[in-house]
file upload24.csv (CSV, C-alpha atoms and all ligand atoms)
chain,number,residue,atom,x,y,z
A,159,MET,CA,-4.1,-17.3,-13.6
A,160,LYS,CA,-1.4,-16.1,-16.0
A,161,VAL,CA,-1.2,-12.5,-17.3
A,162,ILE,CA,-1.2,-13.8,-20.9
A,163,ASP,CA,-4.4,-15.7,-20.2
A,164,HIS,CA,-6.1,-12.6,-18.8
A,165,ILE,CA,-5.1,-10.7,-21.9
A,166,THR,CA,-6.4,-13.5,-24.2
A,167,ARG,CA,-9.6,-13.9,-22.3
A,168,ALA,CA,-10.3,-10.1,-22.5
A,169,ALA,CA,-10.5,-10.6,-26.3
A,170,GLY,CA,-9.4,-7.0,-27.2
A,171,LYS,CA,-10.9,-5.2,-24.3
A,172,THR,CA,-8.3,-3.0,-22.5
A,173,LEU,CA,-7.7,-4.2,-18.9
A,174,PHE,CA,-6.7,-2.1,-15.9
A,175,SER,CA,-3.6,-3.1,-14.0
A,176,ILE,CA,-1.2,-1.5,-11.5
A,177,GLU,CA,2.3,-1.7,-10.1
A,178,ILE,CA,2.8,-1.2,-6.4
A,179,LEU,CA,5.9,-0.9,-4.2
A,180,PRO,CA,6.3,-2.9,-1.0
A,181,PRO,CA,5.9,-0.7,2.0
A,182,LEU,CA,9.0,0.7,3.7
A,183,LYS,CA,10.5,-1.6,6.3
A,184,GLY,CA,8.6,-1.3,9.5
A,185,GLU,CA,5.3,-0.2,7.9
A,186,ASN,CA,2.2,-2.2,8.4
A,187,ILE,CA,0.6,-4.2,5.5
A,188,LYS,CA,-2.7,-2.6,6.4
A,189,THR,CA,-1.4,0.7,5.0
A,190,LEU,CA,-1.0,-1.1,1.7
A,191,TYR,CA,-4.5,-2.6,1.8
A,192,ASP,CA,-6.0,0.9,2.7
A,193,ASN,CA,-4.2,2.3,-0.3
A,194,LEU,CA,-5.3,-0.5,-2.6
A,195,ASP,CA,-8.9,-1.0,-1.4
A,196,PRO,CA,-10.4,1.8,-3.5
A,197,LEU,CA,-8.6,0.5,-6.7
A,198,MET,CA,-10.1,-2.9,-6.4
A,199,GLU,CA,-13.4,-1.3,-7.6
A,200,PHE,CA,-11.9,-1.5,-11.1
A,201,LYS,CA,-11.1,-5.2,-10.8
A,202,PRO,CA,-7.4,-5.3,-11.8
A,203,PRO,CA,-6.8,-8.9,-13.0
A,204,PHE,CA,-3.2,-8.6,-11.8
A,205,ILE,CA,-1.0,-6.4,-9.7
A,206,ASP,CA,2.8,-6.1,-10.1
A,207,VAL,CA,4.9,-5.8,-7.0
A,208,THR,CA,8.4,-4.3,-7.5
A,209,TYR,CA,11.6,-5.7,-6.0
A,210,HIS,CA,14.0,-3.5,-4.2
A,211,ARG,CA,17.6,-4.6,-3.8
A,212,GLU,CA,19.9,-3.7,-1.0
A,213,GLU,CA,21.5,-0.3,-0.6
A,214,TYR,CA,24.3,1.0,1.5
A,215,VAL,CA,23.7,3.4,4.4
A,216,TYR,CA,26.4,5.0,6.6
A,217,LYS,CA,25.8,5.0,10.4
A,218,LYS,CA,28.0,7.1,12.7
A,219,LYS,CA,29.6,5.0,15.4
A,220,GLU,CA,30.4,6.2,19.0
A,221,ASN,CA,34.0,6.8,18.1
A,222,GLY,CA,32.8,9.1,15.3
A,223,LEU,CA,33.8,6.8,12.4
A,224,LEU,CA,31.2,5.9,9.8
A,225,GLU,CA,30.1,2.3,9.5
A,226,LYS,CA,28.9,1.1,6.1
A,227,ARG,CA,25.8,-1.1,6.4
A,228,SER,CA,23.8,-3.0,3.7
A,229,THR,CA,20.0,-2.7,4.1
A,230,ARG,CA,16.9,-3.3,2.1
A,231,LYS,CA,14.4,-0.5,2.7
A,232,ARG,CA,11.4,-2.2,1.0
A,233,PRO,CA,11.7,-5.9,1.6
A,234,GLY,CA,8.8,-8.3,1.3
A,235,THR,CA,7.9,-8.6,-2.4
A,236,VAL,CA,7.2,-12.3,-2.3
A,237,GLY,CA,5.2,-12.1,1.0
A,238,ILE,CA,3.2,-9.2,-0.3
A,239,CYS,CA,2.4,-11.1,-3.5
A,240,ALA,CA,1.1,-14.1,-1.6
A,241,ALA,CA,-0.8,-11.8,0.9
A,242,LEU,CA,-2.5,-9.9,-2.0
A,243,GLN,CA,-3.5,-13.1,-3.7
A,244,ALA,CA,-5.1,-14.3,-0.5
A,245,HIS,CA,-6.7,-11.0,0.5
A,246,TYR,CA,-8.1,-9.9,-2.8
A,247,GLN,CA,-8.2,-13.1,-4.9
A,248,VAL,CA,-6.2,-11.2,-7.5
A,249,ASP,CA,-3.2,-12.5,-9.5
A,250,THR,CA,0.2,-11.0,-8.6
A,251,VAL,CA,3.3,-10.5,-10.6
A,252,PRO,CA,6.5,-10.3,-8.5
A,253,HIS,CA,9.4,-8.6,-10.1
A,254,ILE,CA,12.5,-10.8,-10.1
A,255,ILE,CA,15.8,-9.1,-10.6
A,256,CYS,CA,19.4,-10.3,-11.4
A,257,GLY,CA,21.1,-7.8,-9.0
A,258,GLY,CA,22.0,-9.2,-5.6
A,259,PHE,CA,21.0,-12.7,-6.5
A,260,SER,CA,23.2,-15.8,-7.2
A,261,LYS,CA,21.6,-18.3,-9.5
A,262,GLU,CA,21.0,-20.6,-6.5
A,263,GLU,CA,19.1,-17.8,-4.6
A,264,THR,CA,17.1,-17.1,-7.7
A,265,GLU,CA,16.1,-20.7,-8.0
A,266,ASN,CA,15.1,-20.8,-4.3
A,267,ALA,CA,13.0,-17.6,-4.7
A,268,LEU,CA,11.2,-19.1,-7.7
A,269,ILE,CA,10.5,-22.3,-5.9
A,270,ASP,CA,8.9,-20.3,-3.1
A,271,LEU,CA,6.7,-18.5,-5.6
A,272,HIS,CA,5.8,-21.8,-7.3
A,273,PHE,CA,4.7,-23.3,-3.9
A,274,LEU,CA,2.7,-20.1,-3.1
A,275,GLY,CA,0.7,-20.5,-6.3
A,276,ILE,CA,2.2,-17.4,-7.9
A,277,ASP,CA,2.7,-18.2,-11.6
A,278,ASN,CA,3.6,-14.9,-13.0
A,279,VAL,CA,7.0,-13.1,-12.9
A,280,LEU,CA,8.5,-10.0,-14.5
A,281,ALA,CA,12.2,-10.8,-15.2
A,282,LEU,CA,14.5,-7.8,-15.0
A,283,GLN,CA,18.1,-6.9,-14.7
A,284,GLY,CA,17.2,-4.6,-11.7
A,285,ASP,CA,18.6,-1.3,-10.8
A,286,ALA,CA,22.2,-0.7,-9.8
A,287,ILE,CA,22.9,-0.2,-6.0
A,288,LYS,CA,22.1,3.4,-5.5
A,289,SER,CA,25.5,4.5,-4.4
A,290,GLU,CA,27.3,2.5,-7.0
A,291,GLY,CA,25.8,4.0,-10.2
A,292,ARG,CA,26.6,1.0,-12.4
A,293,PHE,CA,24.9,-2.4,-12.3
A,294,ALA,CA,27.2,-5.3,-11.3
A,295,PRO,CA,26.0,-8.9,-11.2
A,296,GLU,CA,26.8,-11.2,-8.3
A,297,PRO,CA,29.8,-13.5,-9.0
A,298,ASP,CA,27.4,-16.4,-9.6
A,299,GLY,CA,24.5,-14.3,-10.7
A,300,HIS,CA,23.0,-13.1,-14.0
A,301,ARG,CA,24.1,-9.9,-15.8
A,302,TYR,CA,21.1,-9.5,-18.2
A,303,ALA,CA,17.4,-10.1,-17.9
A,304,SER,CA,17.7,-12.6,-20.8
A,305,GLU,CA,20.0,-14.8,-18.7
A,306,LEU,CA,17.6,-14.7,-15.8
A,307,LEU,CA,14.8,-15.5,-18.2
A,308,GLY,CA,16.8,-18.5,-19.4
A,309,GLN,CA,16.9,-19.9,-15.9
A,310,ILE,CA,13.1,-19.5,-15.4
A,311,VAL,CA,12.4,-21.1,-18.8
A,312,ALA,CA,14.6,-24.0,-17.8
A,313,MET,CA,12.7,-24.4,-14.5
A,314,ASN,CA,9.5,-24.4,-16.5
A,315,GLN,CA,11.0,-27.4,-18.3
A,316,GLY,CA,11.9,-29.1,-15.1
A,317,LYS,CA,15.6,-28.3,-15.4
A,318,PHE,CA,17.1,-27.1,-12.1
A,319,LEU,CA,20.7,-26.1,-11.3
A,320,ASP,CA,21.5,-29.5,-9.9
A,321,GLU,CA,21.8,-31.7,-13.1
A,322,ASP,CA,21.6,-34.8,-10.9
A,323,LEU,CA,18.0,-33.9,-10.0
A,324,GLU,CA,15.8,-36.4,-11.9
A,325,ASN,CA,12.1,-36.1,-12.7
A,326,ALA,CA,12.0,-32.6,-11.1
A,327,SER,CA,8.5,-31.1,-11.1
A,328,PRO,CA,8.5,-28.2,-13.6
A,329,THR,CA,7.4,-24.7,-12.6
A,330,ASN,CA,4.8,-23.0,-14.7
A,331,PHE,CA,5.6,-19.3,-14.9
A,332,CYS,CA,4.3,-16.8,-17.3
A,333,ILE,CA,7.2,-14.5,-17.9
A,334,GLY,CA,7.0,-10.8,-18.7
A,335,VAL,CA,9.9,-8.5,-19.5
A,336,ALA,CA,10.6,-4.7,-19.7
A,337,GLY,CA,10.7,-2.6,-22.8
A,338,TYR,CA,11.7,1.1,-23.3
A,339,PRO,CA,9.9,3.2,-25.9
A,340,GLU,CA,12.6,5.9,-25.3
A,341,LYS,CA,15.4,3.3,-25.3
A,342,HIS,CA,17.1,1.8,-22.2
A,343,PHE,CA,19.6,4.4,-21.0
A,344,ALA,CA,22.6,2.0,-21.5
A,345,ALA,CA,21.7,1.0,-25.0
A,346,PRO,CA,23.6,2.8,-27.7
A,347,ASN,CA,20.5,3.2,-29.8
A,348,LEU,CA,16.9,1.8,-30.0
A,349,LYS,CA,17.8,-0.7,-32.7
A,350,ALA,CA,20.4,-2.3,-30.4
A,351,ASP,CA,18.0,-2.3,-27.5
A,352,LEU,CA,15.3,-4.0,-29.7
A,353,LYS,CA,17.8,-6.7,-30.6
A,354,TYR,CA,18.0,-7.7,-26.9
A,355,LEU,CA,14.3,-7.3,-26.4
A,356,LYS,CA,13.7,-9.7,-29.3
A,357,LEU,CA,16.1,-12.1,-27.7
A,358,LYS,CA,14.1,-12.1,-24.5
A,359,VAL,CA,10.9,-12.7,-26.4
A,360,ASP,CA,12.5,-15.4,-28.6
A,361,MET,CA,13.7,-17.1,-25.4
A,362,GLY,CA,10.2,-17.3,-23.9
A,363,ALA,CA,8.9,-13.9,-22.6
A,364,GLU,CA,5.2,-13.8,-23.3
A,365,TYR,CA,4.6,-10.1,-23.0
A,366,ILE,CA,6.4,-6.8,-22.5
A,367,VAL,CA,5.6,-4.0,-20.1
A,368,THR,CA,7.0,-0.6,-21.0
A,369,GLN,CA,8.8,2.1,-19.1
A,370,MET,CA,6.5,5.1,-18.4
A,371,PHE,CA,6.2,7.6,-21.2
A,372,PHE,CA,4.2,10.8,-21.5
A,373,ASP,CA,4.0,11.1,-25.3
A,374,ASN,CA,1.9,8.3,-26.9
A,375,ARG,CA,3.8,8.8,-30.2
A,376,LYS,CA,6.8,7.3,-28.6
A,377,TYR,CA,4.8,4.2,-27.7
A,378,PHE,CA,3.2,3.9,-31.1
A,379,GLU,CA,6.6,4.2,-32.8
A,380,PHE,CA,8.1,1.6,-30.4
A,381,VAL,CA,5.3,-0.9,-31.1
A,382,ARG,CA,5.8,-0.3,-34.9
A,383,GLN,CA,9.5,-1.0,-34.6
A,384,CYS,CA,8.9,-4.0,-32.4
A,385,ARG,CA,6.5,-5.5,-34.9
A,386,GLU,CA,8.9,-4.7,-37.7
A,387,ALA,CA,11.6,-6.6,-35.8
A,388,GLY,CA,9.4,-9.6,-35.5
A,389,ILE,CA,8.3,-9.1,-31.8
A,390,THR,CA,4.7,-10.2,-31.8
A,391,VAL,CA,3.8,-10.5,-28.1
A,392,PRO,CA,1.5,-8.0,-26.3
A,393,ILE,CA,3.1,-4.7,-25.4
A,394,ILE,CA,1.6,-3.2,-22.2
A,395,PRO,CA,2.0,0.5,-21.9
A,396,GLY,CA,3.1,1.9,-18.5
A,397,ILE,CA,1.4,5.1,-17.4
A,398,LYS,CA,2.5,7.4,-14.5
A,399,PRO,CA,0.5,10.5,-13.6
A,400,ILE,CA,2.7,13.4,-12.6
A,401,THR,CA,1.8,14.4,-9.0
A,402,THR,CA,4.4,16.9,-7.9
A,403,LYS,CA,6.3,19.8,-9.4
A,404,SER,CA,9.6,18.2,-8.7
A,405,GLN,CA,8.7,15.1,-10.7
A,406,ALA,CA,9.0,17.1,-13.9
A,407,SER,CA,12.8,17.0,-13.4
A,408,VAL,CA,13.1,13.9,-11.2
A,409,LEU,CA,11.3,11.4,-13.6
A,410,PRO,CA,13.6,12.3,-16.5
A,411,THR,CA,16.6,12.0,-14.3
A,412,VAL,CA,15.7,8.6,-12.8
A,413,PHE,CA,13.9,7.0,-15.7
A,414,HIS,CA,15.6,8.6,-18.7
A,415,ILE,CA,12.4,9.7,-20.3
A,416,ASP,CA,11.2,13.0,-21.8
A,417,ILE,CA,8.4,15.1,-20.5
A,418,PRO,CA,6.6,16.8,-23.5
A,419,GLU,CA,6.9,20.6,-23.5
A,420,GLU,CA,3.1,21.1,-23.3
A,421,LEU,CA,3.0,19.0,-20.1
A,422,SER,CA,6.1,20.6,-18.4
A,423,ASP,CA,4.7,24.0,-19.2
A,424,GLU,CA,1.4,23.2,-17.6
A,425,VAL,CA,3.2,21.8,-14.5
A,426,GLU,CA,5.3,24.9,-14.4
A,427,ARG,CA,2.2,27.1,-14.3
A,428,CYS,CA,0.7,25.2,-11.3
A,429,LYS,CA,0.5,27.1,-8.0
A,430,ASP,CA,0.8,24.0,-5.8
A,431,ASN,CA,1.0,20.2,-6.0
A,432,ALA,CA,-2.8,19.8,-5.8
A,433,ALA,CA,-2.9,21.7,-9.1
A,434,VAL,CA,-0.1,19.5,-10.5
A,435,LYS,CA,-2.0,16.4,-9.5
A,436,GLN,CA,-5.0,17.6,-11.5
A,437,VAL,CA,-2.8,18.3,-14.5
A,438,GLY,CA,-1.2,14.9,-14.2
A,439,VAL,CA,-4.6,13.1,-13.9
A,440,GLU,CA,-6.0,14.9,-16.9
A,441,TRP,CA,-2.9,14.2,-19.0
A,442,ALA,CA,-3.0,10.5,-18.1
A,443,VAL,CA,-6.7,10.3,-18.9
A,444,ARG,CA,-6.1,11.8,-22.4
A,445,GLN,CA,-3.1,9.5,-22.9
A,446,SER,CA,-5.2,6.5,-21.8
A,447,ARG,CA,-8.2,7.3,-24.0
A,448,GLU,CA,-5.9,7.4,-27.0
A,449,LEU,CA,-4.2,4.1,-26.0
A,450,ILE,CA,-7.5,2.4,-25.5
A,451,LYS,CA,-8.5,3.5,-29.0
A,452,PHE,CA,-5.2,2.0,-30.3
A,453,GLY,CA,-6.3,-1.3,-28.7
A,454,VAL,CA,-3.6,-1.7,-25.9
A,455,PRO,CA,-4.1,-5.0,-23.9
A,456,THR,CA,-4.0,-3.3,-20.5
A,457,LEU,CA,-3.2,0.1,-19.1
A,458,HIS,CA,-0.6,-0.5,-16.5
A,459,PHE,CA,-0.4,2.3,-13.9
A,460,TYR,CA,2.6,3.1,-11.8
A,461,SER,CA,1.2,3.9,-8.4
A,462,MET,CA,4.5,4.7,-6.6
A,463,GLY,CA,2.7,4.2,-3.3
A,464,LYS,CA,-0.2,6.7,-4.1
A,465,SER,CA,-3.5,5.3,-5.3
A,466,ASP,CA,-5.6,8.5,-5.3
A,467,PRO,CA,-4.5,9.8,-8.7
A,468,ILE,CA,-4.9,6.3,-10.2
A,469,TYR,CA,-8.4,6.1,-8.7
A,470,ARG,CA,-9.4,9.4,-10.3
A,471,ILE,CA,-8.0,8.3,-13.7
A,472,ALA,CA,-9.6,4.8,-13.6
A,473,LYS,CA,-13.0,6.3,-12.6
A,474,GLU,CA,-12.9,8.3,-15.9
A,475,LEU,CA,-12.0,5.2,-18.0
A,476,PHE,CA,-13.3,2.0,-16.6
A,501,LIG,P1,18.1,-6.0,-19.8
A,501,LIG,O1,17.0,-6.6,-20.7
A,501,LIG,O2,19.1,-7.0,-19.2
A,501,LIG,O3,18.8,-4.8,-20.6
A,501,LIG,C1,19.7,-4.0,-19.9
A,501,LIG,C2,20.6,-3.3,-20.9
A,501,LIG,O4,21.5,-4.2,-21.5
A,501,LIG,C3,19.9,-2.7,-22.1
A,501,LIG,O5,20.6,-1.5,-22.5
A,501,LIG,C4,20.0,-3.7,-23.2
A,501,LIG,O6,19.9,-3.2,-24.5
A,501,LIG,C5,21.3,-4.3,-22.9
A,501,LIG,N1,21.4,-5.8,-23.1
A,501,LIG,C6,20.5,-6.7,-22.8
A,501,LIG,N2,21.0,-7.9,-23.1
A,501,LIG,C7,22.2,-7.8,-23.5
A,501,LIG,C8,23.3,-8.7,-24.0
A,501,LIG,N3,23.1,-10.0,-24.0
A,501,LIG,N4,24.5,-8.1,-24.3
A,501,LIG,C9,24.7,-6.8,-24.3
A,501,LIG,N5,23.7,-5.9,-23.9
A,501,LIG,C10,22.5,-6.4,-23.5
A,501,LIG,N6,14.2,-2.4,-11.3
A,501,LIG,C11,14.3,-2.9,-10.1
A,501,LIG,O7,15.4,-2.9,-9.4
A,501,LIG,N7,13.2,-3.5,-9.5
A,501,LIG,C12,12.0,-3.5,-10.1
A,501,LIG,O8,11.0,-4.0,-9.6
A,501,LIG,C13,11.9,-3.0,-11.4
A,501,LIG,N8,10.7,-3.0,-12.1
A,501,LIG,C14,10.7,-2.5,-13.4
A,501,LIG,C15,9.5,-2.6,-14.2
A,501,LIG,C16,9.4,-2.1,-15.5
A,501,LIG,C17,8.2,-2.2,-16.3
A,501,LIG,C18,10.6,-1.5,-16.1
A,501,LIG,C19,10.5,-0.9,-17.4
A,501,LIG,C20,11.8,-1.4,-15.3
A,501,LIG,C21,11.8,-1.9,-14.0
A,501,LIG,N9,13.0,-1.8,-13.3
A,501,LIG,C22,13.1,-2.4,-12.0
A,501,LIG,C23,14.2,-1.1,-13.8
A,501,LIG,C24,15.1,-2.1,-14.6
A,501,LIG,O9,15.6,-3.1,-13.8
A,501,LIG,C25,16.2,-1.3,-15.1
A,501,LIG,O10,15.7,-0.4,-16.1
A,501,LIG,C26,17.4,-2.0,-15.7
A,501,LIG,O11,18.5,-1.1,-15.9
A,501,LIG,C27,17.2,-2.8,-17.0
A,501,LIG,O12,16.4,-3.9,-16.8
A,501,LIG,P2,16.0,-4.8,-18.1
A,501,LIG,O13,15.3,-6.0,-17.5
A,501,LIG,O14,15.3,-4.0,-19.1
A,501,LIG,O15,17.5,-5.2,-18.5
call {"tool": "encode", "arguments": {"input": "upload24.csv", "output": "structure tokens"}}
result
Amino acid sequence: MKVIDHITRAAGKTLFSIEILPPLKGENIKTLYDNLDPLMEFKPPFIDVTYHREEYVYKKKENGLLEKRSTRKRPGTVGICAALQAHYQVDTVPHIICGGFSKEETENALIDLHFLGIDNVLALQGDAIKSEGRFAPEPDGHRYASELLGQIVAMNQGKFLDEDLENASPTNFCIGVAGYPEKHFAAPNLKADLKYLKLKVDMGAEYIVTQMFFDNRKYFEFVRQCREAGITVPIIPGIKPITTKSQASVLPTVFHIDIPEELSDEVERCKDNAAVKQVGVEWAVRQSRELIKFGVPTLHFYSMGKSDPIYRIAKELF
């Protein structure tokens, strides 16, 4: 079932959903199930699975020289989505990115998903290769999420890359996109960012999932500005509980978001990470209660491979 249908069917009740990472290469899928099993108690209607592009590692050769190798540390997004659908009878949302994909490879990946009965995707630009710092599209790939979205929308209309293909069977994807209450780091300002977010929605995105934020006022203001700009689709807030002391500086660095003073002070005062986790859980519960009151369609939790804090939060709320 499509994400948008889950939201419509809930008729105003806030749903519980999660984003997970594929396990590191070489890990067993059982580890993932063990992590997810407790969360299934809260009946998430859908689970997002991130996509991780290749990165470069340097291996020392016998002659002492370094060899540059391309590797994907967390492969398996499509396989995991299919496995989760079969294992838990839950809908899955694979993240599909522009980076590292030609249009042909994108088309083939989407055909795989379609055949597997996966009819949701989150269309994204994708992160830059870690060592490169700046996003660069493939020579025959997409630069922006809106271009990728255009390809998916075309496939939903039965239009594939080969124009000679006649009577092609259309795909049926519900497409979500990303939004940034604190602005995407590359956008000159929020207004410019919203222009492109609106473009994605006008082209066919059915809902938006936000970057994590720790101050609800940022989300409320973002929703207000989206509505003012004519963006009417559901805007799903992304929530991440802080779990370690180092995250107070790592999360702003990686995700270009602010940690409110009150929260960073509380984290600072913690003696160990167990105490930080408790602070993070309590903060996320308070944030979630207010968001539920606001009437958000679903609370979308970034698990980052750890289900325990999400379980504690969900136990308080659902
Ligand atoms: P876009 O919508 O393409 O926007 C990127 C930037 O370009 C923005 O600054 C925008 O304002 C600007 N822009 C957009 N269109 C145009 C245009 N036509 N002309 C000029 N400027 C334009 N990354 C991963 O690698 N894998 C994941 O699984 C993943 N999951 C994510 C899930 C969520 C909910 C979020 C919020 C992010 C996720 N990311 C993931 C990170 C994301 O890929 C990066 O933040 C990326 O830099 C931007 O992606 P986007 O889809 O928002 O890009």
call {"tool": "closest_residue", "arguments": {"input": "upload24.csv", "among": "A:Thr208, A:Thr401, A:Gln243, A:Ser446", "to": "ligand LIG 501 (chain A)", "atoms": "only C-alpha atoms and all ligand atoms"}}
result
A:Thr208
call {"tool": "residues_around", "arguments": {"input": "upload24.csv", "residues": "region 219-233 of chain A", "least_positions_apart": "6", "cutoff": "9 Å", "atoms": "only C-alpha atoms", "output": "list in words"}}
result
Leu179, Pro180, Pro181, Leu182, Lys183, Gly184, Tyr209, His210, Arg211, Glu212 and Glu213 of chain A
call {"tool": "atom_distance", "arguments": {"input": "upload24.csv", "atom1": "CA of Phe174 (chain A)", "atom2": "CA of Pro203 (chain A)"}}
result
7.4 Å
call {"tool": "atom_distance", "arguments": {"input": "upload24.csv", "atom1": "CA of Pro196 (chain A)", "atom2": "CA of Ala442 (chain A)"}}
result
18.5 Å
call {"tool": "residues_around", "arguments": {"input": "upload24.csv", "residues": "Arg301 (chain A)", "least_positions_apart": "6", "cutoff": "7 Å", "atoms": "all atoms listed in the file", "output": "PyMOL selection string"}}
result
chain A and resi 256+283+295
call {"tool": "atom_distance", "arguments": {"input": "upload24.csv", "atom1": "CA of Arg292 (chain A)", "atom2": "CA of Lys358 (chain A)"}}
result
21.8 Å
call {"tool": "closest_residue", "arguments": {"input": "upload24.csv", "among": "A:Phe331, A:Phe378, A:Phe452, A:Tyr354", "to": "ligand LIG 501 (chain A)", "atoms": "only C-alpha atoms and all ligand atoms"}}
result
A:Tyr354
call {"tool": "residues_around", "arguments": {"input": "upload24.csv", "residues": "Gly316 (chain A)", "least_positions_apart": "3", "cutoff": "6 Å", "atoms": "all atoms listed in the file", "output": "PDB file with C-alpha atoms, in the frame of the given file"}}
result
ATOM      1  CA  MET A 313      12.700 -24.400 -14.500  1.00  0.00           C
ATOM      2  CA  ALA A 326      12.000 -32.600 -11.100  1.00  0.00           C
ATOM      3  CA  SER A 327       8.500 -31.100 -11.100  1.00  0.00           C
ATOM      4  CA  PRO A 328       8.500 -28.200 -13.600  1.00  0.00           C
TER       5      PRO A 328
END
call {"tool": "residues_near_point", "arguments": {"input": "upload24.csv", "point": "(18.0, -3.4, -29.2)", "cutoff": "12 Å", "atoms": "all atoms listed in the file", "output": "number ranges by chain"}}
result
A: 337-358, 380, 383-384, 387, 389
call {"tool": "closest_residue", "arguments": {"input": "upload24.csv", "among": "A:Gly453, A:Ala312, A:Lys398, A:Phe372", "to": "Leu421 (chain A)", "atoms": "only C-alpha atoms"}}
result
A:Phe372
call {"tool": "closest_residue", "arguments": {"input": "upload24.csv", "among": "A:Gly284, A:Glu177, A:Asp322, A:Cys239", "to": "Asp270 (chain A)", "atoms": "all atoms listed in the file"}}
result
A:Cys239
call {"tool": "residues_around", "arguments": {"input": "upload24.csv", "residues": "region 160-173 of chain A", "least_positions_apart": "4", "cutoff": "9 Å", "atoms": "all atoms listed in the file", "output": "list in words"}}
result
Lys201, Pro202, Pro203, Phe204, Asp249, Thr250, Val251, Ile276, Asp277, Asn278, Phe331, Cys332, Ile333, Gly334, Glu364, Tyr365, Pro392, Leu449, Ile450, Gly453, Val454, Pro455, Thr456, Leu457, His458 and Phe476 of chain A
call {"tool": "build_atoms", "arguments": {"input": "upload24.csv", "residues": "region 378-393 of chain A", "atoms": "N, CA and C atoms", "output": "PDB file, in the frame of the given file"}}
result
ATOM      1  N   PHE A 378       3.647   4.395 -29.808  1.00  0.00           N
ATOM      2  CA  PHE A 378       3.200   3.900 -31.100  1.00  0.00           C
ATOM      3  C   PHE A 378       4.368   3.538 -32.006  1.00  0.00           C
ATOM      4  N   GLU A 379       5.380   4.385 -31.990  1.00  0.00           N
ATOM      5  CA  GLU A 379       6.600   4.200 -32.800  1.00  0.00           C
ATOM      6  C   GLU A 379       7.340   2.925 -32.306  1.00  0.00           C
ATOM      7  N   PHE A 380       7.375   2.783 -30.988  1.00  0.00           N
ATOM      8  CA  PHE A 380       8.100   1.600 -30.400  1.00  0.00           C
ATOM      9  C   PHE A 380       7.356   0.333 -30.804  1.00  0.00           C
ATOM     10  N   VAL A 381       6.030   0.342 -30.738  1.00  0.00           N
ATOM     11  CA  VAL A 381       5.300  -0.900 -31.100  1.00  0.00           C
ATOM     12  C   VAL A 381       5.531  -1.152 -32.610  1.00  0.00           C
ATOM     13  N   ARG A 382       5.527  -0.097 -33.424  1.00  0.00           N
ATOM     14  CA  ARG A 382       5.800  -0.300 -34.900  1.00  0.00           C
ATOM     15  C   ARG A 382       7.128  -0.958 -35.081  1.00  0.00           C
ATOM     16  N   GLN A 383       8.135  -0.420 -34.406  1.00  0.00           N
ATOM     17  CA  GLN A 383       9.500  -1.000 -34.600  1.00  0.00           C
ATOM     18  C   GLN A 383       9.610  -2.386 -34.034  1.00  0.00           C
ATOM     19  N   CYS A 384       8.925  -2.659 -32.946  1.00  0.00           N
ATOM     20  CA  CYS A 384       8.900  -4.000 -32.400  1.00  0.00           C
ATOM     21  C   CYS A 384       8.329  -4.993 -33.392  1.00  0.00           C
ATOM     22  N   ARG A 385       7.175  -4.609 -33.951  1.00  0.00           N
ATOM     23  CA  ARG A 385       6.500  -5.500 -34.900  1.00  0.00           C
ATOM     24  C   ARG A 385       7.390  -5.722 -36.137  1.00  0.00           C
ATOM     25  N   GLU A 386       8.030  -4.647 -36.574  1.00  0.00           N
ATOM     26  CA  GLU A 386       8.900  -4.700 -37.700  1.00  0.00           C
ATOM     27  C   GLU A 386      10.085  -5.686 -37.436  1.00  0.00           C
ATOM     28  N   ALA A 387      10.510  -5.692 -36.163  1.00  0.00           N
ATOM     29  CA  ALA A 387      11.600  -6.600 -35.800  1.00  0.00           C
ATOM     30  C   ALA A 387      11.178  -7.996 -35.514  1.00  0.00           C
ATOM     31  N   GLY A 388       9.873  -8.232 -35.649  1.00  0.00           N
ATOM     32  CA  GLY A 388       9.400  -9.600 -35.500  1.00  0.00           C
ATOM     33  C   GLY A 388       8.948  -9.917 -34.034  1.00  0.00           C
ATOM     34  N   ILE A 389       8.770  -8.874 -33.214  1.00  0.00           N
ATOM     35  CA  ILE A 389       8.300  -9.100 -31.800  1.00  0.00           C
ATOM     36  C   ILE A 389       6.773  -9.007 -31.862  1.00  0.00           C
ATOM     37  N   THR A 390       6.122 -10.123 -31.593  1.00  0.00           N
ATOM     38  CA  THR A 390       4.700 -10.200 -31.800  1.00  0.00           C
ATOM     39  C   THR A 390       3.860 -10.208 -30.502  1.00  0.00           C
ATOM     40  N   VAL A 391       4.530 -10.295 -29.350  1.00  0.00           N
ATOM     41  CA  VAL A 391       3.800 -10.500 -28.100  1.00  0.00           C
ATOM     42  C   VAL A 391       3.112  -9.138 -27.676  1.00  0.00           C
ATOM     43  N   PRO A 392       2.103  -9.214 -26.760  1.00  0.00           N
ATOM     44  CA  PRO A 392       1.500  -8.000 -26.300  1.00  0.00           C
ATOM     45  C   PRO A 392       2.457  -7.010 -25.660  1.00  0.00           C
ATOM     46  N   ILE A 393       2.265  -5.713 -25.942  1.00  0.00           N
ATOM     47  CA  ILE A 393       3.100  -4.700 -25.400  1.00  0.00           C
ATOM     48  C   ILE A 393       2.290  -3.769 -24.497  1.00  0.00           C
TER      49      ILE A 393
END
